[in-house]
file data-v7.cif (mmCIF, C-alpha atoms and all ligand atoms)
data_entry
#
loop_
_atom_site.label_atom_id
_atom_site.label_comp_id
_atom_site.auth_asym_id
_atom_site.auth_seq_id
_atom_site.Cartn_x
_atom_site.Cartn_y
_atom_site.Cartn_z
CA MET A 163 -11.41 19.90 -6.63
CA LYS A 164 -11.80 22.05 -3.54
CA PHE A 165 -9.87 21.13 -0.43
CA ARG A 166 -12.02 20.21 2.50
CA THR A 167 -10.25 21.56 5.53
CA ARG A 168 -10.81 22.07 9.19
CA THR A 169 -9.28 25.26 10.55
CA SER A 170 -6.66 25.81 13.19
CA SER A 171 -5.65 29.24 14.39
CA LYS A 172 -2.56 27.70 15.98
CA TYR A 173 -1.10 26.71 12.62
CA PRO A 174 1.58 27.09 11.31
CA SER A 175 3.32 28.06 14.53
CA GLY A 176 3.49 24.44 15.62
CA GLU A 177 1.89 25.49 18.89
CA ALA A 178 -0.80 22.85 18.39
CA PHE A 179 1.89 20.16 18.61
CA ASP A 180 3.01 20.89 22.14
CA GLU A 181 3.86 18.52 24.96
CA ARG A 182 0.17 17.85 25.62
CA TYR A 183 -0.35 16.67 22.02
CA PHE A 184 2.35 14.04 22.40
CA LYS A 185 1.48 12.95 25.94
CA THR A 186 -2.31 12.92 26.13
CA GLY A 187 -5.24 12.07 23.87
CA ASN A 188 -4.36 9.84 20.94
CA TYR A 189 -0.77 9.26 22.00
CA VAL A 190 -0.83 8.91 25.82
CA ASN A 191 2.94 8.98 25.75
CA TYR A 192 4.59 9.38 22.38
CA LEU A 193 8.05 9.20 23.97
CA GLN A 194 7.43 5.52 24.71
CA ARG A 195 6.62 4.63 21.10
CA LYS A 196 8.80 1.95 19.61
CA TYR A 197 10.15 2.13 16.09
CA ASP A 198 12.29 -1.02 15.93
CA LYS A 199 9.96 -2.96 13.66
CA GLN A 200 9.29 0.03 11.41
CA ALA A 201 13.04 0.58 11.01
CA GLN A 202 13.63 -3.10 10.21
CA GLU A 203 10.88 -3.14 7.60
CA LEU A 204 12.12 0.05 5.97
CA ILE A 205 15.68 -1.28 5.77
CA GLN A 206 14.52 -4.54 4.25
CA HIS A 207 12.09 -3.05 1.78
CA PHE A 208 14.11 -0.08 0.56
CA LYS A 209 17.48 -1.84 0.89
CA LEU A 210 18.79 1.01 2.99
CA ASP A 211 22.45 1.11 3.94
CA GLU A 212 25.13 3.43 5.33
CA ASN A 213 25.15 5.47 2.11
CA SER A 214 21.41 6.08 1.98
CA LYS A 215 19.99 9.59 1.98
CA ILE A 216 16.86 9.78 4.15
CA VAL A 217 14.64 12.70 5.12
CA ASP A 218 11.88 12.19 7.70
CA PHE A 219 9.49 15.11 7.27
CA GLY A 220 7.25 15.45 10.33
CA CYS A 221 9.56 13.22 12.33
CA ALA A 222 8.32 14.35 15.78
CA ILE A 223 11.08 13.38 18.23
CA GLY A 224 12.90 11.42 15.53
CA GLY A 225 12.08 7.94 16.87
CA LEU A 226 12.21 6.28 13.47
CA ILE A 227 15.43 7.84 12.25
CA ARG A 228 16.99 7.08 15.63
CA GLN A 229 16.29 3.38 15.09
CA LEU A 230 17.55 3.54 11.51
CA LYS A 231 20.75 5.28 12.58
CA ALA A 232 21.29 2.75 15.37
CA ARG A 233 21.43 0.13 12.62
CA GLY A 234 24.08 2.07 10.70
CA ILE A 235 21.72 3.51 8.10
CA GLY A 236 22.73 6.81 6.52
CA LEU A 237 25.94 7.16 8.48
CA ASN A 238 27.91 8.01 5.31
CA GLY A 239 24.89 9.50 3.58
CA VAL A 240 22.20 11.70 5.07
CA ILE A 241 19.77 10.90 7.85
CA VAL A 242 17.85 13.93 8.95
CA GLY A 243 14.47 14.89 10.33
CA THR A 244 12.36 17.99 10.67
CA ASP A 245 9.18 18.85 12.49
CA ILE A 246 7.03 21.88 13.13
CA SER A 247 6.78 21.05 16.84
CA ASN A 248 9.29 22.94 18.91
CA TRP A 249 8.60 20.61 21.79
CA ALA A 250 9.22 17.43 19.76
CA VAL A 251 12.38 18.73 18.10
CA GLN A 252 13.77 19.82 21.47
CA ALA A 253 12.82 16.50 23.12
CA GLY A 254 14.55 14.61 20.30
CA ARG A 255 17.63 16.81 20.49
CA ASP A 256 17.79 16.31 24.27
CA MET A 257 18.17 12.59 23.63
CA GLY A 258 21.24 13.37 21.52
CA GLY A 259 22.73 11.83 18.41
CA LEU A 260 20.30 13.07 15.74
CA ASP A 261 20.27 15.83 13.14
CA LEU A 262 16.85 17.33 13.89
CA HIS A 263 15.64 20.59 12.40
CA TYR A 264 12.78 22.79 13.47
CA TYR A 265 10.36 23.34 10.55
CA ASN A 266 12.90 23.20 7.75
CA ARG A 267 11.17 22.73 4.40
CA ASN A 268 14.55 23.15 2.67
CA LEU A 269 15.36 19.56 3.62
CA LEU A 270 12.87 18.55 0.93
CA THR A 271 15.30 19.91 -1.66
CA LEU A 272 17.89 17.24 -0.79
CA LYS A 273 16.32 14.80 -3.29
CA PRO A 274 16.67 11.91 -0.84
CA ASP A 275 16.64 8.22 -1.70
CA LEU A 276 13.75 7.96 0.72
CA LEU A 277 11.41 10.72 1.80
CA ILE A 278 9.32 9.67 4.81
CA LEU A 279 5.92 11.35 5.19
CA LEU A 280 4.15 9.40 7.91
CA ASP A 281 0.96 10.95 9.31
CA VAL A 282 2.00 14.49 8.51
CA LEU A 283 0.33 15.73 5.31
CA GLU A 284 -3.16 15.64 6.86
CA HIS A 285 -2.00 18.20 9.43
CA MET A 286 -1.21 20.87 6.87
CA PRO A 287 -3.46 23.74 5.84
CA ASP A 288 -4.00 24.22 2.10
CA ASP A 289 -1.17 26.67 1.47
CA GLU A 290 1.36 24.61 3.41
CA LEU A 291 0.37 21.40 1.64
CA ARG A 292 0.62 23.10 -1.72
CA ALA A 293 4.05 24.56 -0.88
CA VAL A 294 5.36 21.19 0.28
CA LEU A 295 4.09 19.40 -2.82
CA ASP A 296 5.59 22.11 -5.05
CA ILE A 297 9.01 21.65 -3.45
CA ILE A 298 8.78 17.89 -3.86
CA ARG A 299 7.84 18.23 -7.53
CA GLU A 300 10.88 20.44 -8.13
CA ASN A 301 13.17 18.18 -6.09
CA PRO A 302 11.97 14.62 -6.62
CA PRO A 303 12.97 12.02 -4.04
CA LYS A 304 13.77 8.56 -5.45
CA GLN A 305 10.92 7.14 -3.39
CA ALA A 306 8.46 8.48 -0.84
CA LEU A 307 6.83 6.43 1.90
CA ILE A 308 3.51 8.09 2.66
CA ARG A 309 0.84 7.31 5.25
CA ILE A 310 -2.32 9.38 5.61
CA PRO A 311 -5.59 8.73 7.50
CA VAL A 312 -8.52 8.95 5.10
CA SER A 313 -12.29 9.08 4.70
CA ALA A 314 -14.14 6.34 2.81
CA LYS A 315 -15.64 8.89 0.40
CA GLU A 316 -14.76 12.48 -0.36
CA GLY A 317 -16.82 14.79 1.86
CA GLU A 318 -17.15 12.27 4.70
CA ASP A 319 -15.27 12.29 7.99
CA PHE A 320 -12.33 9.98 8.70
CA VAL A 321 -13.09 6.26 8.78
CA LEU A 322 -11.23 5.71 12.02
CA GLU A 323 -12.31 7.20 15.32
CA VAL A 324 -8.71 7.79 16.30
CA SER A 325 -8.31 10.00 13.22
CA ARG A 326 -11.57 11.86 13.92
CA ASN A 327 -10.42 12.58 17.48
CA ASP A 328 -7.27 14.43 16.41
CA LYS A 329 -8.31 18.06 16.06
CA THR A 330 -5.00 18.92 14.39
CA HIS A 331 -6.09 16.93 11.32
CA LEU A 332 -6.91 19.64 8.81
CA GLN A 333 -7.16 17.65 5.57
CA VAL A 334 -9.98 15.07 5.46
CA HIS A 335 -10.04 13.28 2.14
CA CYS A 336 -10.52 9.89 0.53
CA LYS A 337 -7.68 7.82 -0.94
CA GLY A 338 -8.51 8.80 -4.52
CA TRP A 339 -8.25 12.47 -3.64
CA TRP A 340 -4.81 12.01 -2.12
CA ILE A 341 -3.56 9.88 -4.99
CA ASP A 342 -4.71 12.61 -7.40
CA LYS A 343 -3.16 15.26 -5.17
CA MET A 344 0.19 13.52 -5.32
CA THR A 345 0.23 14.01 -9.07
CA GLU A 346 0.73 17.72 -8.25
CA ALA A 347 4.05 16.61 -6.78
CA ASN A 348 4.63 14.41 -9.84
CA LEU A 349 4.33 11.34 -7.60
CA THR A 350 2.57 8.11 -8.53
CA LEU A 351 1.47 5.36 -6.17
CA THR A 352 3.63 2.42 -7.20
CA GLU A 353 3.03 0.08 -4.29
CA THR A 354 0.49 -0.28 -1.51
CA VAL A 355 2.21 -1.02 1.79
CA VAL A 356 1.03 -3.99 3.83
CA TRP A 357 3.82 -4.60 6.29
CA THR A 358 3.51 -5.29 10.01
CA SER A 359 4.35 -1.80 11.19
CA ILE A 360 2.76 0.20 8.36
CA TYR A 361 -0.24 -1.03 6.44
CA ASP A 362 -2.90 0.24 4.12
CA SER A 363 -6.49 -0.24 5.35
CA ASN A 364 -9.97 1.23 4.85
CA GLY A 365 -9.04 4.15 7.07
CA VAL A 366 -5.42 4.63 6.07
CA LEU A 367 -3.62 5.19 2.80
CA ALA A 368 -0.14 3.70 3.09
CA GLY A 369 1.98 3.50 0.00
CA ILE A 370 5.22 4.00 -1.82
CA PHE A 371 5.18 6.81 -4.33
CA THR A 372 7.78 7.41 -7.02
CA PRO A 373 8.26 10.27 -9.47
CA THR A 374 5.82 9.87 -12.33
CA THR A 375 8.33 10.71 -15.04
CA SER A 376 10.76 8.07 -13.81
CA SER A 377 8.07 5.36 -13.95
CA ILE A 378 7.34 6.45 -17.55
CA ASN A 379 11.07 6.16 -18.35
CA TYR A 380 11.07 2.74 -16.79
CA PHE A 381 8.80 1.49 -19.53
CA SER A 382 10.53 3.29 -22.38
CA HIS A 383 13.07 1.53 -24.56
CA ASN A 384 15.57 4.41 -24.84
C1 LIG B 1 0.84 12.29 14.02
S1 LIG B 1 2.43 12.96 14.27
C2 LIG B 1 3.40 11.80 13.33
C3 LIG B 1 4.84 11.79 13.74
C4 LIG B 1 5.72 10.75 13.05
N1 LIG B 1 5.82 11.00 11.63
C5 LIG B 1 5.24 9.35 13.33
O1 LIG B 1 4.84 8.66 12.38
O2 LIG B 1 5.29 8.92 14.48
C6 LIG B 1 2.37 14.37 13.20
C7 LIG B 1 3.63 15.18 13.22
O3 LIG B 1 3.63 16.11 12.14
C8 LIG B 1 4.21 17.31 12.59
N2 LIG B 1 3.81 18.38 11.64
C9 LIG B 1 2.61 18.91 11.43
N3 LIG B 1 2.66 19.83 10.45
C10 LIG B 1 3.93 19.86 10.01
C11 LIG B 1 4.64 20.60 9.01
N4 LIG B 1 4.03 21.50 8.25
N5 LIG B 1 5.95 20.39 8.84
C12 LIG B 1 6.59 19.49 9.60
N6 LIG B 1 5.98 18.76 10.56
C13 LIG B 1 4.68 18.95 10.78
C14 LIG B 1 3.66 17.44 14.01
O4 LIG B 1 4.39 18.33 14.79
C15 LIG B 1 3.79 15.99 14.49
O5 LIG B 1 5.06 15.73 15.03
#

call {"tool": "encode", "arguments": {"input": "data-v7.cif", "output": "structure tokens", "more": "lines below"}}
Ligand SMILES: C[S@@+](CC[C@H](N)C(=O)[O-])C[C@H]1O[C@@H](n2cnc3c(N)ncnc32)[C@H](O)[C@@H]1O
result
Amino acid sequence: MKFRTRTSSKYPSGEAFDERYFKTGNYVNYLQRKYDKQAQELIQHFKLDENSKIVDFGCAIGGLIRQLKARGIGLNGVIVGTDISNWAVQAGRDMGGLDLHYYNRNLLTLKPDLLILLDVLEHMPDDELRAVLDIIRENPPKQALIRIPVSAKEGEDFVLEVSRNDKTHLQVHCKGWWIDKMTEANLTLTETVVWTSIYDSNGVLAGIFTPTTSSINYFSHN
């Protein structure tokens, strides 16, 4: 199936994700966003602890991993984030205390216990998305928490106005398309997420994906 993409000449420099992106339009002020509840729900659901290995890909200023770390998560394991926005990475680093990387796809090779992909895949042009999914397939995380704004049907625009308004959204697809796409990364949707802080809806795919081969093994009797 052909990708339906918008185009952005500012990609992949990250220039599109400058201070204005995080302080006007859809976000008003991203720096004020709170991640306490999201962190609590992640800890509870994934049974995260000090030994957990967590990669937040597209972490912006690292708000979520900051809240996880504040609760002791990953302190003896790995807790790391990366983002293509120079501004966001610098803003997060200025706050101190986090391992934040500028546009480091190599972090995907860490095979984390939990790979966080929240509202990031839809920002990638075709070649970037393909490269990211290829790396994930070769380096499977134990679990991936994925959230993506979607269209109701393939070929239509996003369901939600807030998603339509973000001109940095390059991939506009329905849930089925994304679920199929994840098979390229050898990932299967194993659970739809309906928590307080992250929830699947008509306009948003939110789910936990696990490596396809491991779910096959799960049912085998070897
Ligand atoms: C809508 S924000 C979501 C931020 C964060 N994950 C959250 O849930 O609050 C999208 C983020 O993806 C980042 N991004 C876009 N393309 C990326 C890429 N190829 N690699 C890493 N980060 C990317 C942007 O810079 C931005 O910080």

call {"tool": "closest_atom_pairs", "arguments": {"input": "data-v7.cif", "of": "chain A", "to": "ligand LIG 1 (chain B)", "cutoff": "6 Å", "atoms": "all atoms listed in the file", "output": "JSON lines"}}
result
{"residue": "A:Phe179", "atom": "CA", "partner": "B:LIG1", "partner_atom": "O4", "distance": 4.9}
{"residue": "A:Phe219", "atom": "CA", "partner": "B:LIG1", "partner_atom": "C12", "distance": 5.7}
{"residue": "A:Gly220", "atom": "CA", "partner": "B:LIG1", "partner_atom": "N6", "distance": 3.6}
{"residue": "A:Cys221", "atom": "CA", "partner": "B:LIG1", "partner_atom": "N1", "distance": 4.4}
{"residue": "A:Ala222", "atom": "CA", "partner": "B:LIG1", "partner_atom": "O5", "distance": 3.6}
{"residue": "A:Asp245", "atom": "CA", "partner": "B:LIG1", "partner_atom": "N6", "distance": 3.7}
{"residue": "A:Ile246", "atom": "CA", "partner": "B:LIG1", "partner_atom": "N6", "distance": 4.2}
{"residue": "A:Ser247", "atom": "CA", "partner": "B:LIG1", "partner_atom": "O4", "distance": 4.2}
{"residue": "A:Tyr265", "atom": "CA", "partner": "B:LIG1", "partner_atom": "C12", "distance": 5.5}
{"residue": "A:Leu280", "atom": "CA", "partner": "B:LIG1", "partner_atom": "N1", "distance": 4.4}
{"residue": "A:Asp281", "atom": "CA", "partner": "B:LIG1", "partner_atom": "C2", "distance": 4.8}
{"residue": "A:Val282", "atom": "CA", "partner": "B:LIG1", "partner_atom": "O3", "distance": 4.3}
{"residue": "A:His285", "atom": "CA", "partner": "B:LIG1", "partner_atom": "N3", "distance": 5.0}
{"residue": "A:Met286", "atom": "CA", "partner": "B:LIG1", "partner_atom": "N3", "distance": 5.4}

call {"tool": "residues_around", "arguments": {"input": "data-v7.cif", "residues": "Gly365 of chain A", "least_positions_apart": "5", "cutoff": "9 Å", "atoms": "all atoms listed in the file", "output": "list in words"}}
result
Ile310, Pro311, Val312, Ser313, Ala314, Phe320, Val321, Leu322, Ser325, Cys336 and Lys337 of chain A

call {"tool": "write_last_selection", "arguments": {"input": "data-v7.cif", "atoms": "C-alpha atoms", "output": "mmCIF file, in the frame of the given file"}}
result
data_model
loop_
_atom_site.group_PDB
_atom_site.id
_atom_site.type_symbol
_atom_site.label_atom_id
_atom_site.label_comp_id
_atom_site.auth_asym_id
_atom_site.auth_seq_id
_atom_site.Cartn_x
_atom_site.Cartn_y
_atom_site.Cartn_z
ATOM 1 C CA ILE A 310 -2.320 9.380 5.610
ATOM 2 C CA PRO A 311 -5.590 8.730 7.500
ATOM 3 C CA VAL A 312 -8.520 8.950 5.100
ATOM 4 C CA SER A 313 -12.290 9.080 4.700
ATOM 5 C CA ALA A 314 -14.140 6.340 2.810
ATOM 6 C CA PHE A 320 -12.330 9.980 8.700
ATOM 7 C CA VAL A 321 -13.090 6.260 8.780
ATOM 8 C CA LEU A 322 -11.230 5.710 12.020
ATOM 9 C CA SER A 325 -8.310 10.000 13.220
ATOM 10 C CA CYS A 336 -10.520 9.890 0.530
ATOM 11 C CA LYS A 337 -7.680 7.820 -0.940
#

call {"tool": "atom_distance", "arguments": {"input": "data-v7.cif", "atom1": "atom CA of Asp328 of chain A", "atom2": "atom CA of Glu177 of chain A"}}
result
14.6 Å

call {"tool": "atom_distance", "arguments": {"input": "data-v7.cif", "atom1": "atom CA of Lys343 of chain A", "atom2": "atom CA of Arg292 of chain A"}}
result
9.4 Å

call {"tool": "atom_distance", "arguments": {"input": "data-v7.cif", "atom1": "atom CA of Gly225 of chain A", "atom2": "atom CA of Gly254 of chain A"}}
result
7.9 Å

call {"tool": "closest_residue", "arguments": {"input": "data-v7.cif", "among": "A:Asp275, A:Asp256, A:Glu284, A:Glu323", "to": "Ser214 of chain A", "atoms": "only C-alpha atoms"}}
result
A:Asp275

call {"tool": "closest_residue", "arguments": {"input": "data-v7.cif", "among": "A:Lys304, A:Arg299, A:Val366, A:Arg309", "to": "Asn348 of chain A", "atoms": "all atoms listed in the file"}}
result
A:Arg299

call {"tool": "closest_residue", "arguments": {"input": "data-v7.cif", "among": "A:Val294, A:Ala232, A:Ile223, A:Met344", "to": "Ile308 of chain A", "atoms": "all atoms listed in the file"}}
result
A:Met344

call {"tool": "closest_residue", "arguments": {"input": "data-v7.cif", "among": "A:Leu226, A:Thr345, A:Thr372, A:Met257", "to": "Gln202 of chain A", "atoms": "all atoms listed in the file"}}
result
A:Leu226

call {"tool": "residues_around", "arguments": {"input": "data-v7.cif", "residues": "segment 351-357 of chain A", "least_positions_apart": "5", "cutoff": "7 Å", "atoms": "all atoms listed in the file", "output": "list in words"}}
result
Ile341, Asp362, Ala368, Gly369, Ile370, Phe371 and Thr372 of chain A

call {"tool": "closest_residue", "arguments": {"input": "data-v7.cif", "among": "A:Ala293, A:Val242, A:Val217, A:Ala253", "to": "Leu270 of chain A", "atoms": "only C-alpha atoms"}}
result
A:Val217
